[in-house]
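J.: Structure provided below as structure tokens; questions to follow.
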Amino acid sequence: GYGRTRTRTRAEAEFNYRMLCMLFDKYYSLQHLRTDDMNYGFNTFVYTHGLDQALLSSNTAVYDEALVEALETYVDDGHTAYKYPSYYEDASAVSYYNVTLRHKYSGTRNSKLDDIHAELIGLRKDAFGKSSDYHGGLRFIKDTSGTEKAAVITFDNFFRSSDTYEDAATAAAILAADPEALATKDSFELFYNALYQITHNHTGVKNIIIDESCNFGGDAAACLYLANLFIPGAALYVNNTLDGAKSSTSYNVDIDQDGDALSNTGMDLSSYHVYVLTSESSFSCGNLFPSIMKDQRNSDKSAGNAASIVLIGKKTGGGAGVVLAAGTGDGALFNTSSCFELLRKDGTSVDVGVEPDLELGHDVFYDDGKMLAALENKYSGNF
């Protein structure tokens with residue numbers, strides 16, 4: 001536990017440092033996207049930024065602070081996040097390292113993700129009067145005459161179901177649930193509930209906005225489930241940079257909940273136009289989902305179970321490395337990008353983000369009048 005001693009031997013410091021270098025040299029997948037720092041090994045990387053001697057220090061406070069700076073300021077890929085200091089620190093110092101110092105050393109990319117996310121949460125709260133506990137649900141945009149013109153499915157995370165095979169929720173139970181509650185625990189159930197309501201109870205609506213502008217990611221399997229609602233057979237492409245292996249994964253998804261994953265008779269979305277609303281803080285799976293939707297739609301923007309799919313808003317924030325929970329030899333813990341890198345169908349990394357088909361300002365995102373005007377102007381044939 002915490003509070004062992006206040007110094008480390010030279011041998012301990014050297015061993016700890018070599019483990020850290022090995023981790024990033026062998027298990028970090030995004031070196032090839034860096035410009036001039038990490039491609040020559042982690043030892044050169046920290047030397048370039050003047051942190052090598054601090055990371056080798058026998059003074060634990062010097063070492064722990066240097067590790068925060070290396071990860072947060074210079075690795076700075078959105079997924080890399082310092083969690084806990086080494087066991088040489090006192091337990092009372094934990095919050096100083098994982099809160100105070102993380103904030104102090106937050107890098108350019110991390111800061112941008114956090115700042116834009118906070119801005120958008122504030123704009124959404126002001127627009128809809130939702131509390132900070134709001135993380136999604138279903139609502140409808142109406143024109144000046146009161147006619148429903150578009151449905152909006154909002155969700156801030158990709159949650160995979162916690163149901164087991166034996167106690168899986170029935171379709172009736174999912175439909176009886178509150179969409180706002182589903183948004184906090186099961187993304188597929190949220191979409192099934194919302195899409196059923198749209199197709200059965202709001203039949204005049206043919207435009208669906210999927211708002212993931214505040215989505216920081218979550219479970220990749222849930223992401224693929226949702227993509228399959230609109231693109232049957234949608235696949236997840238992964239590169240293992242440790243051994244060079246590339247793989248693809250696809251699922252047969254029972255999208256209409258009739259017990260048969262190979263057919264779809266109860267969730268026909270082929271006449272619906274889908275708009276995925278993204279922002280600079282759509283990150284990780286919040287970046288992967290629009291990447292799949294744009295990359296694997298047809299060339300005319302149609303899809304197997306959608307009349308059209310387009311991206312609207314801002315370029316996404318990227319995030320391509322599957323998260324690895326890691327630690328150093330002396331107990332410091334952090335998350336970082338693993339050797340598994342998420343790819344587009346053509347083999348390029350999704351870390352660079354996804355450009356929208358229609359760029360919109362933040363002021364349009366949650367202003368129903370401006371949003372409807374923008375969509376009707378660009379895609380008038382859909383309304």
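Letters for chains follow the order of the structure tokens (A, B, ...), residue numbers begin at 1 for each chain, and ligand numbers begin at 1 in the order shown.
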Report as number ranges by chain all protein, DNA and RNA residues lying within 7 Å of stretch 353-370 of chain A, evaluated on only C-alpha atoms, omitting residues in the same chain fewer than 6 positions from it.
T.: A: 124, 127, 141, 287, 291, 310-318
J.: Write out as an MDAnalysis selection string the set of residues from stretch 127-299 of chain A that DSSP, computed on the backbone, places in helix (DSSP H, G or I).
T.: chainID A and resid 127:128 171:176 179:182 187:201 220:230 285:295
J.: Can you list, as a PDB file with all heavy atoms, in the first residue's frame, every protein, DNA or RNA residue that comes within 12 Å of stretch 257-263 of chain A when you count only C-alpha atoms, leaving out same-chain residues fewer than 2 positions away?
T.:
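And here is the file that came out, part30.pdb:
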ATOM      1  N   ALA A 168     -32.186 -11.543 -19.980  1.00  0.00           N
ATOM      2  CA  ALA A 168     -32.193 -10.452 -20.953  1.00  0.00           C
ATOM      3  C   ALA A 168     -33.559  -9.777 -20.981  1.00  0.00           C
ATOM      4  O   ALA A 168     -34.603 -10.432 -20.903  1.00  0.00           O
ATOM      5  CB  ALA A 168     -31.845 -10.990 -22.337  1.00  0.00           C
ATOM      6  N   ALA A 169     -33.547  -8.460 -21.087  1.00  0.00           N
ATOM      7  CA  ALA A 169     -34.792  -7.699 -21.110  1.00  0.00           C
ATOM      8  C   ALA A 169     -35.602  -8.053 -22.347  1.00  0.00           C
ATOM      9  O   ALA A 169     -35.063  -8.198 -23.443  1.00  0.00           O
ATOM     10  CB  ALA A 169     -34.484  -6.209 -21.091  1.00  0.00           C
ATOM     11  N   THR A 170     -36.878  -8.184 -22.182  1.00  0.00           N
ATOM     12  CA  THR A 170     -37.758  -8.463 -23.318  1.00  0.00           C
ATOM     13  C   THR A 170     -37.989  -7.169 -24.098  1.00  0.00           C
ATOM     14  O   THR A 170     -37.776  -6.059 -23.601  1.00  0.00           O
ATOM     15  CB  THR A 170     -39.100  -9.002 -22.842  1.00  0.00           C
ATOM     16  OG1 THR A 170     -39.760  -7.987 -22.053  1.00  0.00           O
ATOM     17  CG2 THR A 170     -38.921 -10.262 -22.014  1.00  0.00           C
ATOM     18  N   ALA A 171     -38.454  -7.319 -25.341  1.00  0.00           N
ATOM     19  CA  ALA A 171     -38.757  -6.144 -26.146  1.00  0.00           C
ATOM     20  C   ALA A 171     -39.789  -5.261 -25.456  1.00  0.00           C
ATOM     21  O   ALA A 171     -39.688  -4.031 -25.457  1.00  0.00           O
ATOM     22  CB  ALA A 171     -39.248  -6.576 -27.525  1.00  0.00           C
ATOM     23  N   ALA A 172     -40.787  -5.900 -24.837  1.00  0.00           N
ATOM     24  CA  ALA A 172     -41.832  -5.127 -24.151  1.00  0.00           C
ATOM     25  C   ALA A 172     -41.258  -4.322 -22.994  1.00  0.00           C
ATOM     26  O   ALA A 172     -41.643  -3.163 -22.776  1.00  0.00           O
ATOM     27  CB  ALA A 172     -42.921  -6.078 -23.649  1.00  0.00           C
ATOM     28  N   ALA A 173     -40.331  -4.909 -22.248  1.00  0.00           N
ATOM     29  CA  ALA A 173     -39.722  -4.199 -21.124  1.00  0.00           C
ATOM     30  C   ALA A 173     -38.882  -3.028 -21.607  1.00  0.00           C
ATOM     31  O   ALA A 173     -38.875  -1.961 -20.982  1.00  0.00           O
ATOM     32  CB  ALA A 173     -38.873  -5.166 -20.306  1.00  0.00           C
ATOM     33  N   ILE A 174     -38.181  -3.219 -22.718  1.00  0.00           N
ATOM     34  CA  ILE A 174     -37.369  -2.126 -23.265  1.00  0.00           C
ATOM     35  C   ILE A 174     -38.266  -0.978 -23.708  1.00  0.00           C
ATOM     36  O   ILE A 174     -37.974   0.197 -23.440  1.00  0.00           O
ATOM     37  CB  ILE A 174     -36.520  -2.628 -24.459  1.00  0.00           C
ATOM     38  CG1 ILE A 174     -35.534  -3.703 -23.999  1.00  0.00           C
ATOM     39  CG2 ILE A 174     -35.773  -1.469 -25.106  1.00  0.00           C
ATOM     40  CD1 ILE A 174     -34.815  -4.400 -25.141  1.00  0.00           C
ATOM     41  N   LEU A 175     -39.368  -1.287 -24.351  1.00  0.00           N
ATOM     42  CA  LEU A 175     -40.270  -0.248 -24.841  1.00  0.00           C
ATOM     43  C   LEU A 175     -40.982   0.478 -23.706  1.00  0.00           C
ATOM     44  O   LEU A 175     -41.382   1.637 -23.864  1.00  0.00           O
ATOM     45  CB  LEU A 175     -41.297  -0.855 -25.806  1.00  0.00           C
ATOM     46  CG  LEU A 175     -40.720  -1.425 -27.106  1.00  0.00           C
ATOM     47  CD1 LEU A 175     -41.820  -2.073 -27.918  1.00  0.00           C
ATOM     48  CD2 LEU A 175     -40.025  -0.345 -27.901  1.00  0.00           C
ATOM     49  N   PHE A 188     -27.951   0.140 -26.787  1.00  0.00           N
ATOM     50  CA  PHE A 188     -28.783  -0.549 -27.768  1.00  0.00           C
ATOM     51  C   PHE A 188     -30.257  -0.458 -27.377  1.00  0.00           C
ATOM     52  O   PHE A 188     -31.123  -0.215 -28.225  1.00  0.00           O
ATOM     53  CB  PHE A 188     -28.371  -2.010 -27.918  1.00  0.00           C
ATOM     54  CG  PHE A 188     -29.195  -2.748 -28.932  1.00  0.00           C
ATOM     55  CD1 PHE A 188     -28.873  -2.675 -30.278  1.00  0.00           C
ATOM     56  CD2 PHE A 188     -30.308  -3.487 -28.553  1.00  0.00           C
ATOM     57  CE1 PHE A 188     -29.659  -3.320 -31.230  1.00  0.00           C
ATOM     58  CE2 PHE A 188     -31.087  -4.137 -29.491  1.00  0.00           C
ATOM     59  CZ  PHE A 188     -30.761  -4.061 -30.840  1.00  0.00           C
ATOM     60  N   GLU A 189     -30.552  -0.650 -26.092  1.00  0.00           N
ATOM     61  CA  GLU A 189     -31.941  -0.557 -25.654  1.00  0.00           C
ATOM     62  C   GLU A 189     -32.488   0.855 -25.854  1.00  0.00           C
ATOM     63  O   GLU A 189     -33.661   1.029 -26.201  1.00  0.00           O
ATOM     64  CB  GLU A 189     -32.060  -0.997 -24.194  1.00  0.00           C
ATOM     65  CG  GLU A 189     -31.837  -2.493 -24.009  1.00  0.00           C
ATOM     66  CD  GLU A 189     -32.110  -2.968 -22.593  1.00  0.00           C
ATOM     67  OE1 GLU A 189     -32.551  -2.150 -21.752  1.00  0.00           O
ATOM     68  OE2 GLU A 189     -31.891  -4.171 -22.319  1.00  0.00           O
ATOM     69  N   PHE A 191     -31.633   2.910 -28.291  1.00  0.00           N
ATOM     70  CA  PHE A 191     -31.918   3.057 -29.712  1.00  0.00           C
ATOM     71  C   PHE A 191     -33.125   2.221 -30.129  1.00  0.00           C
ATOM     72  O   PHE A 191     -33.945   2.677 -30.939  1.00  0.00           O
ATOM     73  CB  PHE A 191     -30.684   2.685 -30.541  1.00  0.00           C
ATOM     74  CG  PHE A 191     -29.768   3.856 -30.791  1.00  0.00           C
ATOM     75  CD1 PHE A 191     -29.082   4.447 -29.751  1.00  0.00           C
ATOM     76  CD2 PHE A 191     -29.601   4.354 -32.061  1.00  0.00           C
ATOM     77  CE1 PHE A 191     -28.238   5.519 -29.975  1.00  0.00           C
ATOM     78  CE2 PHE A 191     -28.765   5.435 -32.313  1.00  0.00           C
ATOM     79  CZ  PHE A 191     -28.072   6.027 -31.255  1.00  0.00           C
ATOM     80  N   TYR A 192     -33.240   1.016 -29.602  1.00  0.00           N
ATOM     81  CA  TYR A 192     -34.405   0.196 -29.939  1.00  0.00           C
ATOM     82  C   TYR A 192     -35.684   0.893 -29.485  1.00  0.00           C
ATOM     83  O   TYR A 192     -36.662   0.980 -30.238  1.00  0.00           O
ATOM     84  CB  TYR A 192     -34.301  -1.181 -29.288  1.00  0.00           C
ATOM     85  CG  TYR A 192     -35.496  -2.061 -29.564  1.00  0.00           C
ATOM     86  CD1 TYR A 192     -35.642  -2.702 -30.798  1.00  0.00           C
ATOM     87  CD2 TYR A 192     -36.498  -2.230 -28.613  1.00  0.00           C
ATOM     88  CE1 TYR A 192     -36.754  -3.484 -31.070  1.00  0.00           C
ATOM     89  CE2 TYR A 192     -37.606  -3.005 -28.867  1.00  0.00           C
ATOM     90  CZ  TYR A 192     -37.729  -3.634 -30.102  1.00  0.00           C
ATOM     91  OH  TYR A 192     -38.843  -4.403 -30.363  1.00  0.00           O
ATOM     92  N   ASN A 193     -35.697   1.394 -28.273  1.00  0.00           N
ATOM     93  CA  ASN A 193     -36.852   2.111 -27.734  1.00  0.00           C
ATOM     94  C   ASN A 193     -37.179   3.324 -28.604  1.00  0.00           C
ATOM     95  O   ASN A 193     -38.325   3.524 -29.021  1.00  0.00           O
ATOM     96  CB  ASN A 193     -36.544   2.538 -26.298  1.00  0.00           C
ATOM     97  CG  ASN A 193     -37.645   3.365 -25.647  1.00  0.00           C
ATOM     98  OD1 ASN A 193     -37.984   4.430 -26.125  1.00  0.00           O
ATOM     99  ND2 ASN A 193     -38.172   2.884 -24.526  1.00  0.00           N
ATOM    100  N   TYR A 196     -38.252   2.438 -32.279  1.00  0.00           N
ATOM    101  CA  TYR A 196     -39.610   1.861 -32.291  1.00  0.00           C
ATOM    102  C   TYR A 196     -40.645   2.978 -32.149  1.00  0.00           C
ATOM    103  O   TYR A 196     -41.659   2.986 -32.868  1.00  0.00           O
ATOM    104  CB  TYR A 196     -39.766   0.842 -31.166  1.00  0.00           C
ATOM    105  CG  TYR A 196     -41.075   0.074 -31.220  1.00  0.00           C
ATOM    106  CD1 TYR A 196     -41.149  -1.152 -31.870  1.00  0.00           C
ATOM    107  CD2 TYR A 196     -42.240   0.594 -30.658  1.00  0.00           C
ATOM    108  CE1 TYR A 196     -42.352  -1.855 -31.940  1.00  0.00           C
ATOM    109  CE2 TYR A 196     -43.437  -0.089 -30.728  1.00  0.00           C
ATOM    110  CZ  TYR A 196     -43.491  -1.313 -31.361  1.00  0.00           C
ATOM    111  OH  TYR A 196     -44.683  -2.003 -31.443  1.00  0.00           O
ATOM    112  N   TYR A 225     -22.878  -2.604 -32.375  1.00  0.00           N
ATOM    113  CA  TYR A 225     -24.302  -2.958 -32.369  1.00  0.00           C
ATOM    114  C   TYR A 225     -25.117  -1.834 -33.017  1.00  0.00           C
ATOM    115  O   TYR A 225     -25.999  -2.077 -33.855  1.00  0.00           O
ATOM    116  CB  TYR A 225     -24.829  -3.153 -30.945  1.00  0.00           C
ATOM    117  CG  TYR A 225     -24.229  -4.274 -30.142  1.00  0.00           C
ATOM    118  CD1 TYR A 225     -24.311  -4.264 -28.754  1.00  0.00           C
ATOM    119  CD2 TYR A 225     -23.589  -5.347 -30.743  1.00  0.00           C
ATOM    120  CE1 TYR A 225     -23.773  -5.277 -27.991  1.00  0.00           C
ATOM    121  CE2 TYR A 225     -23.044  -6.369 -29.990  1.00  0.00           C
ATOM    122  CZ  TYR A 225     -23.133  -6.327 -28.611  1.00  0.00           C
ATOM    123  OH  TYR A 225     -22.595  -7.329 -27.854  1.00  0.00           O
ATOM    124  N   ASN A 228     -24.875  -1.404 -36.730  1.00  0.00           N
ATOM    125  CA  ASN A 228     -25.605  -2.457 -37.439  1.00  0.00           C
ATOM    126  C   ASN A 228     -27.090  -2.169 -37.574  1.00  0.00           C
ATOM    127  O   ASN A 228     -27.762  -2.778 -38.414  1.00  0.00           O
ATOM    128  CB  ASN A 228     -25.398  -3.806 -36.749  1.00  0.00           C
ATOM    129  CG  ASN A 228     -24.229  -4.572 -37.312  1.00  0.00           C
ATOM    130  OD1 ASN A 228     -24.370  -5.359 -38.240  1.00  0.00           O
ATOM    131  ND2 ASN A 228     -23.046  -4.326 -36.758  1.00  0.00           N
ATOM    132  N   LEU A 229     -27.627  -1.277 -36.777  1.00  0.00           N
ATOM    133  CA  LEU A 229     -29.020  -0.883 -36.947  1.00  0.00           C
ATOM    134  C   LEU A 229     -29.250  -0.269 -38.322  1.00  0.00           C
ATOM    135  O   LEU A 229     -30.318  -0.414 -38.910  1.00  0.00           O
ATOM    136  CB  LEU A 229     -29.419   0.124 -35.862  1.00  0.00           C
ATOM    137  CG  LEU A 229     -29.578  -0.411 -34.438  1.00  0.00           C
ATOM    138  CD1 LEU A 229     -29.626   0.738 -33.446  1.00  0.00           C
ATOM    139  CD2 LEU A 229     -30.850  -1.246 -34.337  1.00  0.00           C
ATOM    140  N   PRO A 232     -26.295  -3.075 -41.887  1.00  0.00           N
ATOM    141  CA  PRO A 232     -26.152  -4.497 -41.544  1.00  0.00           C
ATOM    142  C   PRO A 232     -24.800  -5.028 -42.010  1.00  0.00           C
ATOM    143  O   PRO A 232     -24.368  -4.794 -43.137  1.00  0.00           O
ATOM    144  CB  PRO A 232     -27.311  -5.157 -42.308  1.00  0.00           C
ATOM    145  CG  PRO A 232     -28.317  -4.064 -42.480  1.00  0.00           C
ATOM    146  CD  PRO A 232     -27.522  -2.810 -42.672  1.00  0.00           C
ATOM    147  N   GLY A 233     -24.120  -5.722 -41.123  1.00  0.00           N
ATOM    148  CA  GLY A 233     -22.802  -6.242 -41.447  1.00  0.00           C
ATOM    149  C   GLY A 233     -21.671  -5.259 -41.214  1.00  0.00           C
ATOM    150  O   GLY A 233     -20.528  -5.534 -41.596  1.00  0.00           O
ATOM    151  N   TYR A 251     -20.970  -8.407 -36.410  1.00  0.00           N
ATOM    152  CA  TYR A 251     -21.961  -9.159 -35.643  1.00  0.00           C
ATOM    153  C   TYR A 251     -23.251  -9.309 -36.444  1.00  0.00           C
ATOM    154  O   TYR A 251     -23.592  -8.443 -37.258  1.00  0.00           O
ATOM    155  CB  TYR A 251     -22.311  -8.425 -34.345  1.00  0.00           C
ATOM    156  CG  TYR A 251     -21.177  -8.166 -33.403  1.00  0.00           C
ATOM    157  CD1 TYR A 251     -20.984  -6.899 -32.849  1.00  0.00           C
ATOM    158  CD2 TYR A 251     -20.300  -9.178 -33.037  1.00  0.00           C
ATOM    159  CE1 TYR A 251     -19.946  -6.657 -31.958  1.00  0.00           C
ATOM    160  CE2 TYR A 251     -19.262  -8.943 -32.158  1.00  0.00           C
ATOM    161  CZ  TYR A 251     -19.087  -7.677 -31.621  1.00  0.00           C
ATOM    162  OH  TYR A 251     -18.055  -7.439 -30.756  1.00  0.00           O
ATOM    163  N   ASN A 252     -23.952 -10.384 -36.182  1.00  0.00           N
ATOM    164  CA  ASN A 252     -25.357 -10.478 -36.577  1.00  0.00           C
ATOM    165  C   ASN A 252     -26.170  -9.961 -35.402  1.00  0.00           C
ATOM    166  O   ASN A 252     -26.150 -10.551 -34.322  1.00  0.00           O
ATOM    167  CB  ASN A 252     -25.750 -11.920 -36.900  1.00  0.00           C
ATOM    168  CG  ASN A 252     -25.074 -12.441 -38.154  1.00  0.00           C
ATOM    169  OD1 ASN A 252     -24.924 -11.720 -39.134  1.00  0.00           O
ATOM    170  ND2 ASN A 252     -24.642 -13.701 -38.122  1.00  0.00           N
ATOM    171  N   VAL A 253     -26.855  -8.854 -35.589  1.00  0.00           N
ATOM    172  CA  VAL A 253     -27.557  -8.184 -34.494  1.00  0.00           C
ATOM    173  C   VAL A 253     -29.062  -8.310 -34.689  1.00  0.00           C
ATOM    174  O   VAL A 253     -29.588  -8.016 -35.778  1.00  0.00           O
ATOM    175  CB  VAL A 253     -27.151  -6.689 -34.426  1.00  0.00           C
ATOM    176  CG1 VAL A 253     -27.881  -5.999 -33.280  1.00  0.00           C
ATOM    177  CG2 VAL A 253     -25.645  -6.555 -34.245  1.00  0.00           C
ATOM    178  N   ASP A 254     -29.734  -8.756 -33.675  1.00  0.00           N
ATOM    179  CA  ASP A 254     -31.194  -8.895 -33.707  1.00  0.00           C
ATOM    180  C   ASP A 254     -31.800  -7.510 -33.492  1.00  0.00           C
ATOM    181  O   ASP A 254     -32.265  -7.171 -32.409  1.00  0.00           O
ATOM    182  CB  ASP A 254     -31.651  -9.866 -32.618  1.00  0.00           C
ATOM    183  CG  ASP A 254     -33.148 -10.122 -32.643  1.00  0.00           C
ATOM    184  OD1 ASP A 254     -33.802  -9.726 -33.633  1.00  0.00           O
ATOM    185  OD2 ASP A 254     -33.654 -10.699 -31.664  1.00  0.00           O
ATOM    186  N   ILE A 255     -31.798  -6.693 -34.530  1.00  0.00           N
ATOM    187  CA  ILE A 255     -32.159  -5.286 -34.365  1.00  0.00           C
ATOM    188  C   ILE A 255     -33.641  -5.074 -34.104  1.00  0.00           C
ATOM    189  O   ILE A 255     -34.034  -4.047 -33.547  1.00  0.00           O
ATOM    190  CB  ILE A 255     -31.710  -4.446 -35.574  1.00  0.00           C
ATOM    191  CG1 ILE A 255     -32.435  -4.859 -36.843  1.00  0.00           C
ATOM    192  CG2 ILE A 255     -30.203  -4.564 -35.778  1.00  0.00           C
ATOM    193  CD1 ILE A 255     -32.094  -3.958 -38.038  1.00  0.00           C
ATOM    194  N   THR A 265     -37.573  -7.808 -39.818  1.00  0.00           N
ATOM    195  CA  THR A 265     -38.915  -7.540 -40.329  1.00  0.00           C
ATOM    196  C   THR A 265     -39.629  -6.452 -39.543  1.00  0.00           C
ATOM    197  O   THR A 265     -40.629  -5.905 -40.013  1.00  0.00           O
ATOM    198  CB  THR A 265     -39.776  -8.817 -40.272  1.00  0.00           C
ATOM    199  OG1 THR A 265     -39.824  -9.306 -38.920  1.00  0.00           O
ATOM    200  CG2 THR A 265     -39.189  -9.902 -41.171  1.00  0.00           C
ATOM    201  N   GLY A 266     -39.118  -6.116 -38.371  1.00  0.00           N
ATOM    202  CA  GLY A 266     -39.831  -5.182 -37.515  1.00  0.00           C
ATOM    203  C   GLY A 266     -39.131  -3.865 -37.267  1.00  0.00           C
ATOM    204  O   GLY A 266     -39.629  -3.035 -36.493  1.00  0.00           O
ATOM    205  N   MET A 267     -37.988  -3.605 -37.929  1.00  0.00           N
ATOM    206  CA  MET A 267     -37.285  -2.344 -37.731  1.00  0.00           C
ATOM    207  C   MET A 267     -36.766  -1.863 -39.084  1.00  0.00           C
ATOM    208  O   MET A 267     -35.566  -1.748 -39.324  1.00  0.00           O
ATOM    209  CB  MET A 267     -36.130  -2.512 -36.737  1.00  0.00           C
ATOM    210  CG  MET A 267     -35.499  -1.196 -36.271  1.00  0.00           C
ATOM    211  SD  MET A 267     -36.614  -0.121 -35.363  1.00  0.00           S
ATOM    212  CE  MET A 267     -36.696  -0.966 -33.771  1.00  0.00           C
ATOM    213  N   ASP A 268     -37.696  -1.602 -39.990  1.00  0.00           N
ATOM    214  CA  ASP A 268     -37.351  -1.153 -41.335  1.00  0.00           C
ATOM    215  C   ASP A 268     -37.116   0.355 -41.320  1.00  0.00           C
ATOM    216  O   ASP A 268     -38.040   1.145 -41.164  1.00  0.00           O
ATOM    217  CB  ASP A 268     -38.478  -1.505 -42.304  1.00  0.00           C
ATOM    218  CG  ASP A 268     -38.157  -1.099 -43.738  1.00  0.00           C
ATOM    219  OD1 ASP A 268     -37.015  -0.647 -43.990  1.00  0.00           O
ATOM    220  OD2 ASP A 268     -39.044  -1.230 -44.595  1.00  0.00           O
ATOM    221  N   ASN A 305     -29.978  -0.197 -44.306  1.00  0.00           N
ATOM    222  CA  ASN A 305     -31.213   0.032 -43.551  1.00  0.00           C
ATOM    223  C   ASN A 305     -31.383   1.523 -43.254  1.00  0.00           C
ATOM    224  O   ASN A 305     -31.802   1.917 -42.173  1.00  0.00           O
ATOM    225  CB  ASN A 305     -31.203  -0.775 -42.249  1.00  0.00           C
ATOM    226  CG  ASN A 305     -32.593  -0.925 -41.649  1.00  0.00           C
ATOM    227  OD1 ASN A 305     -33.600  -0.963 -42.380  1.00  0.00           O
ATOM    228  ND2 ASN A 305     -32.671  -1.006 -40.331  1.00  0.00           N
TER     229      ASN A 305
END
J.: Between A:Ala70, A:Ile210, A:Leu324, A:Leu138, which has the minimum distance to A:Leu182 (counting only C-alpha atoms)?
T.: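 Looking at the shortest contact to A:Leu182, the residue is A:Leu138.
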J.: Would you list the contacts of A:Cys223 as a list in words, taking every protein, DNA or RNA residue within 9 Å and counting only C-alpha atoms, but skipping same-chain residues closer than 3 positions in sequence?
T.: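 What passes the distance filter is Phe158, Phe159, Arg160, Ser187, Phe188, Gly217, Gly218, Asp219, Ala220, Leu226, Ala227, Asn228, Cys285, Gly286, Leu288 and Phe289 of chain A.
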J.: Can you write out the residues you just picked, keeping N, CA and C atoms, as a tab-separated table (two decimals), in the first residue's frame?
T.:
chain	number	residue	atom	x	y	z
A	158	PHE	N	-21.32	5.02	-24.86
A	158	PHE	CA	-21.70	3.72	-25.42
A	158	PHE	C	-21.69	2.70	-24.29
A	159	PHE	N	-22.89	2.33	-23.83
A	159	PHE	CA	-23.01	1.36	-22.75
A	159	PHE	C	-23.45	0.01	-23.32
A	160	ARG	N	-22.73	-1.03	-22.93
A	160	ARG	CA	-23.11	-2.39	-23.30
A	160	ARG	C	-24.04	-2.95	-22.24
A	187	SER	N	-27.03	1.34	-24.39
A	187	SER	CA	-27.20	2.14	-25.60
A	187	SER	C	-28.08	1.46	-26.63
A	188	PHE	N	-27.95	0.14	-26.79
A	188	PHE	CA	-28.78	-0.55	-27.77
A	188	PHE	C	-30.26	-0.46	-27.38
A	217	GLY	N	-17.24	8.32	-25.62
A	217	GLY	CA	-16.89	6.94	-25.94
A	217	GLY	C	-17.52	5.93	-25.02
A	218	GLY	N	-16.87	4.77	-24.93
A	218	GLY	CA	-17.39	3.68	-24.11
A	218	GLY	C	-17.03	2.33	-24.71
A	219	ASP	N	-18.02	1.47	-24.82
A	219	ASP	CA	-17.79	0.09	-25.22
A	219	ASP	C	-17.85	-0.07	-26.74
A	220	ALA	N	-16.78	-0.65	-27.34
A	220	ALA	CA	-16.70	-0.79	-28.79
A	220	ALA	C	-17.75	-1.76	-29.33
A	226	LEU	N	-24.85	-0.59	-32.59
A	226	LEU	CA	-25.64	0.54	-33.07
A	226	LEU	C	-25.42	0.78	-34.56
A	227	ALA	N	-24.19	0.64	-35.01
A	227	ALA	CA	-23.93	0.82	-36.44
A	227	ALA	C	-24.71	-0.19	-37.27
A	228	ASN	N	-24.87	-1.40	-36.73
A	228	ASN	CA	-25.60	-2.46	-37.44
A	228	ASN	C	-27.09	-2.17	-37.57
A	285	CYS	N	-15.00	5.92	-28.92
A	285	CYS	CA	-16.13	5.34	-29.66
A	285	CYS	C	-17.06	6.42	-30.20
A	286	GLY	N	-17.03	7.60	-29.59
A	286	GLY	CA	-17.76	8.74	-30.14
A	286	GLY	C	-17.16	9.21	-31.45
A	288	LEU	N	-15.38	6.62	-33.32
A	288	LEU	CA	-15.47	5.39	-34.10
A	288	LEU	C	-16.83	5.24	-34.77
A	289	PHE	N	-17.91	5.54	-34.04
A	289	PHE	CA	-19.26	5.36	-34.60
A	289	PHE	C	-19.47	6.19	-35.87
J.: Near A:Asp143, within 12 Å and counting only C-alpha atoms, which residues show up once chain neighbours fewer than 6 positions away are dropped, as an mmCIF file with C-alpha atoms, in the first residue's frame?
T.:
data_model
loop_
_atom_site.group_PDB
_atom_site.id
_atom_site.type_symbol
_atom_site.label_atom_id
_atom_site.label_comp_id
_atom_site.auth_asym_id
_atom_site.auth_seq_id
_atom_site.Cartn_x
_atom_site.Cartn_y
_atom_site.Cartn_z
ATOM 1 C CA LYS A 149 -40.002 17.290 -38.622
ATOM 2 C CA ALA A 150 -37.136 15.340 -37.069
ATOM 3 C CA VAL A 205 -41.127 11.819 -39.123
ATOM 4 C CA ASP A 368 -34.008 23.528 -33.079
ATOM 5 C CA GLY A 369 -34.945 26.388 -35.398
ATOM 6 C CA LYS A 370 -31.411 26.825 -36.715
ATOM 7 C CA MET A 371 -30.890 23.076 -37.002
ATOM 8 C CA LEU A 372 -34.099 22.529 -38.968
ATOM 9 C CA ALA A 373 -33.298 25.456 -41.281
ATOM 10 C CA GLU A 376 -33.880 21.785 -44.924
ATOM 11 C CA PHE A 383 -38.303 16.801 -45.775
#
J.: To one decimal in Å, tell me the separation between atom CA of A:Ser248 and atom CA of A:Tyr27.
T.: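 So the two atoms, atom CA of A:Ser248 and atom CA of A:Tyr27, lie 19.8 Å apart.
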J.: Got a sec: who's within 10 Å of A:Ser29, counting only C-alpha atoms, leaving out chain neighbours fewer than 4 positions off, as a CSV table (one decimal) with C-alpha atoms, in the first residue's frame?
T.:
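The file below, result.csv, is the result:
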chain,number,residue,atom,x,y,z
A,24,PHE,CA,5.5,2.5,-24.7
A,25,ASP,CA,8.0,1.0,-27.2
A,33,LEU,CA,1.1,9.3,-36.0
A,239,ASN,CA,-4.4,-3.4,-36.3
A,240,ASN,CA,-2.3,-5.1,-33.6
A,241,THR,CA,0.9,-3.1,-33.8
A,242,LEU,CA,2.7,-5.6,-31.6
A,320,ALA,CA,-7.9,5.2,-32.1
A,321,GLY,CA,-6.1,3.2,-29.4
A,322,VAL,CA,-8.0,0.6,-27.4
A,336,THR,CA,-2.9,4.7,-22.3
A,337,SER,CA,-3.5,3.6,-25.8
A,338,SER,CA,-2.7,-0.1,-26.3
A,339,CYS,CA,-1.2,-2.0,-29.2
A,340,PHE,CA,-4.7,-2.3,-30.7
A,341,GLU,CA,-5.4,0.5,-33.1
A,342,LEU,CA,-8.8,1.1,-34.6
J.: Please report as a tab-separated table every residue of stretch 61-150 of chain A lying within 12 Å of stretch 271-281 of chain A, along with the nearest atom pair and their distance in Å (one decimal), using only C-alpha atoms.
T.:
residue	atom	partner	partner_atom	distance
A:Gly78	CA	A:Ser281	CA	10.0
A:Arg109	CA	A:Ser281	CA	10.1
A:Asn110	CA	A:Ser281	CA	9.8
A:Ser111	CA	A:Ser281	CA	10.4
A:Lys112	CA	A:Ser281	CA	7.8
A:Leu113	CA	A:Ser281	CA	4.9
A:Asp114	CA	A:Ser281	CA	7.4
A:Asp115	CA	A:Ser281	CA	8.6
A:Ile116	CA	A:Ser281	CA	6.1
A:His117	CA	A:Ser281	CA	5.6
A:Ala118	CA	A:Ser281	CA	9.4
A:Glu119	CA	A:Ser281	CA	10.0
A:Leu120	CA	A:Ser279	CA	8.9
A:Ile121	CA	A:Ser281	CA	10.7
A:Lys149	CA	A:His273	CA	11.5
A:Ala150	CA	A:His273	CA	9.5
